[in-house]
$ cat model.pdb   # PDB, C-alpha atoms
ATOM      1  CA  MET R   1      64.286-124.357 -42.575
ATOM      2  CA  PRO R   2      65.573-120.774 -42.576
ATOM      3  CA  PHE R   3      68.598-119.711 -44.617
ATOM      4  CA  HIS R   4      70.122-116.730 -46.407
ATOM      5  CA  VAL R   5      71.408-116.439 -49.976
ATOM      6  CA  ARG R   6      73.995-113.781 -50.740
ATOM      7  CA  PHE R   7      74.376-112.661 -54.347
ATOM      8  CA  ASP R   8      75.908-109.838 -56.400
ATOM      9  CA  ARG R   9      73.170-107.209 -56.695
ATOM     10  CA  GLU R  10      74.967-105.596 -59.626
ATOM     11  CA  VAL R  11      74.457-108.806 -61.644
ATOM     12  CA  LEU R  12      71.231-110.309 -60.239
ATOM     13  CA  GLU R  13      67.953-109.196 -58.725
ATOM     14  CA  PHE R  14      65.708-111.513 -56.709
ATOM     15  CA  ALA R  15      62.459-112.096 -58.647
ATOM     16  CA  GLY R  16      60.538-114.703 -56.659
ATOM     17  CA  ALA R  17      60.323-118.027 -54.857
ATOM     18  CA  MET R  18      58.026-121.006 -55.162
ATOM     19  CA  LYS R  19      57.542-124.390 -53.556
ATOM     20  CA  GLY R  20      59.351-127.142 -55.432
ATOM     21  CA  PRO R  21      57.918-130.307 -56.955
ATOM     22  CA  ALA R  22      58.939-132.423 -53.938
ATOM     23  CA  PHE R  23      55.757-131.185 -52.238
ATOM     24  CA  LEU R  24      53.439-132.199 -55.109
ATOM     25  CA  GLY R  25      51.130-134.965 -54.000
ATOM     26  CA  SER R  26      52.282-134.571 -50.406
ATOM     27  CA  THR R  27      49.838-134.111 -47.552
ATOM     28  CA  VAL R  28      52.046-131.503 -45.862
ATOM     29  CA  ARG R  29      51.337-127.839 -46.399
ATOM     30  CA  PRO R  30      54.524-125.767 -46.493
ATOM     31  CA  ILE R  31      54.684-122.051 -45.831
ATOM     32  CA  LEU R  32      57.354-120.285 -47.883
ATOM     33  CA  LEU R  33      58.632-116.778 -47.205
ATOM     34  CA  ALA R  34      61.414-115.091 -49.185
ATOM     35  CA  SER R  35      62.431-111.447 -49.223
ATOM     36  CA  VAL R  36      65.354-109.089 -49.585
ATOM     37  CA  ASN R  37      65.897-106.491 -46.884
ATOM     38  CA  PRO R  38      66.135-103.041 -48.550
ATOM     39  CA  ARG R  39      69.023-102.213 -46.196
ATOM     40  CA  ARG R  40      70.919-105.326 -47.392
ATOM     41  CA  PRO R  41      69.915-105.735 -51.063
ATOM     42  CA  ASP R  42      72.411-108.555 -51.650
ATOM     43  CA  ASP R  43      70.976-110.779 -48.881
ATOM     44  CA  LEU R  44      67.892-112.902 -49.563
ATOM     45  CA  ALA R  45      66.241-114.357 -46.449
ATOM     46  CA  VAL R  46      64.268-117.562 -47.064
ATOM     47  CA  GLY R  47      62.185-119.660 -44.712
ATOM     48  CA  VAL R  48      60.134-122.810 -45.192
ATOM     49  CA  SER R  49      57.988-124.218 -42.438
ATOM     50  CA  LEU R  50      55.438-127.017 -42.333
ATOM     51  CA  ILE R  51      52.095-126.431 -40.668
ATOM     52  CA  GLY R  52      52.138-128.668 -37.590
ATOM     53  CA  SER R  53      48.816-130.373 -38.196
ATOM     54  CA  SER R  54      49.645-131.302 -41.790
ATOM     55  CA  GLY R  55      52.126-134.052 -40.915
ATOM     56  CA  THR R  56      55.807-134.604 -41.576
ATOM     57  CA  PHE R  57      57.656-134.550 -44.869
ATOM     58  CA  THR R  58      59.577-137.574 -46.048
ATOM     59  CA  GLY R  59      61.096-137.889 -49.465
ATOM     60  CA  SER R  60      63.558-136.145 -51.688
ATOM     61  CA  GLY R  61      63.677-133.645 -54.478
ATOM     62  CA  THR R  62      63.547-129.913 -54.983
ATOM     63  CA  LEU R  63      61.890-128.144 -52.049
ATOM     64  CA  ILE R  64      62.297-124.530 -53.174
ATOM     65  CA  ARG R  65      62.861-122.768 -56.482
ATOM     66  CA  LEU R  66      64.428-119.318 -56.347
ATOM     67  CA  GLU R  67      64.228-117.031 -59.378
ATOM     68  CA  PHE R  68      66.568-114.161 -60.190
ATOM     69  CA  GLU R  69      66.506-111.601 -63.005
ATOM     70  CA  SER R  70      69.748-110.765 -64.776
ATOM     71  CA  LEU R  71      70.666-107.090 -64.577
ATOM     72  CA  HIS R  72      74.106-106.899 -66.164
ATOM     73  CA  PRO R  73      76.660-109.304 -67.639
ATOM     74  CA  GLY R  74      78.992-110.772 -65.032
ATOM     75  CA  ASN R  75      79.376-113.509 -62.441
ATOM     76  CA  SER R  76      77.595-113.904 -59.138
ATOM     77  CA  ASP R  77      78.128-116.567 -56.518
ATOM     78  CA  LEU R  78      74.974-117.746 -54.767
ATOM     79  CA  VAL R  79      76.237-118.293 -51.228
ATOM     80  CA  LEU R  80      73.936-120.126 -48.820
ATOM     81  CA  GLU R  81      74.483-119.096 -45.219
ATOM     82  CA  ARG R  82      72.950-119.623 -41.801
ATOM     83  CA  ALA R  83      70.914-122.652 -42.868
ATOM     84  CA  SER R  84      69.109-124.475 -40.115
ATOM     85  CA  VAL R  85      67.230-127.653 -40.918
ATOM     86  CA  ARG R  86      65.298-129.113 -38.010
ATOM     87  CA  GLY R  87      63.340-132.280 -37.359
ATOM     88  CA  LEU R  88      59.891-132.799 -35.880
ATOM     89  CA  ALA R  89      61.089-132.201 -32.313
ATOM     90  CA  GLY R  90      63.270-129.231 -33.288
ATOM     91  CA  GLU R  91      66.463-131.284 -33.370
ATOM     92  CA  PRO R  92      69.119-130.184 -35.898
ATOM     93  CA  LEU R  93      69.370-132.372 -38.985
ATOM     94  CA  ALA R  94      72.504-132.909 -41.059
ATOM     95  CA  VAL R  95      72.584-130.890 -44.259
ATOM     96  CA  ARG R  96      75.145-130.280 -47.005
ATOM     97  CA  ILE R  97      75.315-126.725 -48.327
ATOM     98  CA  GLU R  98      76.968-125.868 -51.612
ATOM     99  CA  THR R  99      77.708-122.575 -53.309
ATOM    100  CA  CYS R 100      77.139-122.135 -57.012
ATOM    101  CA  ARG R 101      78.181-119.501 -59.532
ATOM    102  CA  VAL R 102      75.852-117.876 -62.044
ATOM    103  CA  LYS R 103      77.262-116.380 -65.225
ATOM    104  CA  VAL R 104      75.200-113.747 -67.021
ATOM    105  CA  ALA R 105      76.380-113.440 -70.604
ATOM    106  CA  PRO R 106      76.052-110.235 -72.637
TER
END
$ encode --input "model.pdb" --output "structure tokens"
Amino acid sequence: MPFHVRFDREVLEFAGAMKGPAFLGSTVRPILLASVNPRRPDDLAVGVSLIGSSGTFTGSGTLIRLEFESLHPGNSDLVLERASVRGLAGEPLAVRIETCRVKVAP
């Protein structure tokens, strides 16, 4: 499940990513990668993959938690782009993507 998150780098700075509670108690072992390209500091690339031998994931809940540090007061949209969610055989799965706005108060 790769995707990108665009944000206002004047307002927010990416601080970290962690697996969400949906994986607690699950037999699957997810691999999570998240980083910002220094050449595009407002574009966070995120990827989650399941190790093939660990099984398949079924269920619901939070899969990933992204953390940002506030830099300055202002607003920043968190725009999810280029998301690709795939099934066991690599088939595309339906997904709903929503944008949210973060407000950093003085």
$ resolve_selection --input "model.pdb" --expression "the PyMOL selection byres ((chain R and resi 21-30) around 10)" --output "ChimeraX atom specification"
/R:18-20,31-33,47-65
$ axis_aligned_box --input "model.pdb" --around "stretch 74-90 of chain R" --padding-each-side "5 Å" --output "JSON"
{"center_x": 69.6, "center_y": -121.8, "center_z": -48.7, "size_x": 29.5, "size_y": 32.0, "size_z": 42.7}
$ residues_around --input "model.pdb" --residues "R:Pro106" --least-positions-apart "5" --cutoff "9 Å" --atoms "all atoms listed in the file" --output "PyMOL selection string"
chain R and resi 72-74
$ closest_residue --input "model.pdb" --among "R:Leu12, R:Ala105, R:Val95, R:Ala17" --to "R:Asp42" --atoms "only C-alpha atoms"
R:Leu12
$ closest_residue --input "model.pdb" --among "R:Arg82, R:Ser76, R:Asn37, R:Glu91" --to "R:Val104" --atoms "only C-alpha atoms"
R:Ser76
$ resolve_selection --input "model.pdb" --expression "the PyMOL selection byres ((chain R and resi 44) around 9)" --output "list in words"
Phe3, His4, Val5, Arg6, Phe7, Phe14, Ala34, Ser35, Val36, Asn37, Arg40, Pro41, Asp42, Asp43, Ala45 and Val46 of chain R
$ closest_residue --input "model.pdb" --among "R:Arg101, R:Leu93, R:Ala83, R:Leu88" --to "R:Met1" --atoms "all atoms listed in the file"
R:Ala83
$ closest_residue --input "model.pdb" --among "R:Cys100, R:Ser70, R:Val79, R:Pro38" --to "R:Val11" --atoms "only C-alpha atoms"
R:Ser70
$ atom_distance --input "model.pdb" --atom1 "atom CA of R:Gly16" --atom2 "atom CA of R:Glu67"
5.1 Å
$ atom_distance --input "model.pdb" --atom1 "atom CA of R:Arg96" --atom2 "atom CA of R:Leu66"
18.0 Å
$ closest_residue --input "model.pdb" --among "R:Asn75, R:Leu80, R:Val85, R:Arg9" --to "R:Val102" --atoms "all atoms listed in the file"
R:Asn75
$ atom_distance --input "model.pdb" --atom1 "atom CA of R:Ala94" --atom2 "atom CA of R:Phe68"
27.4 Å
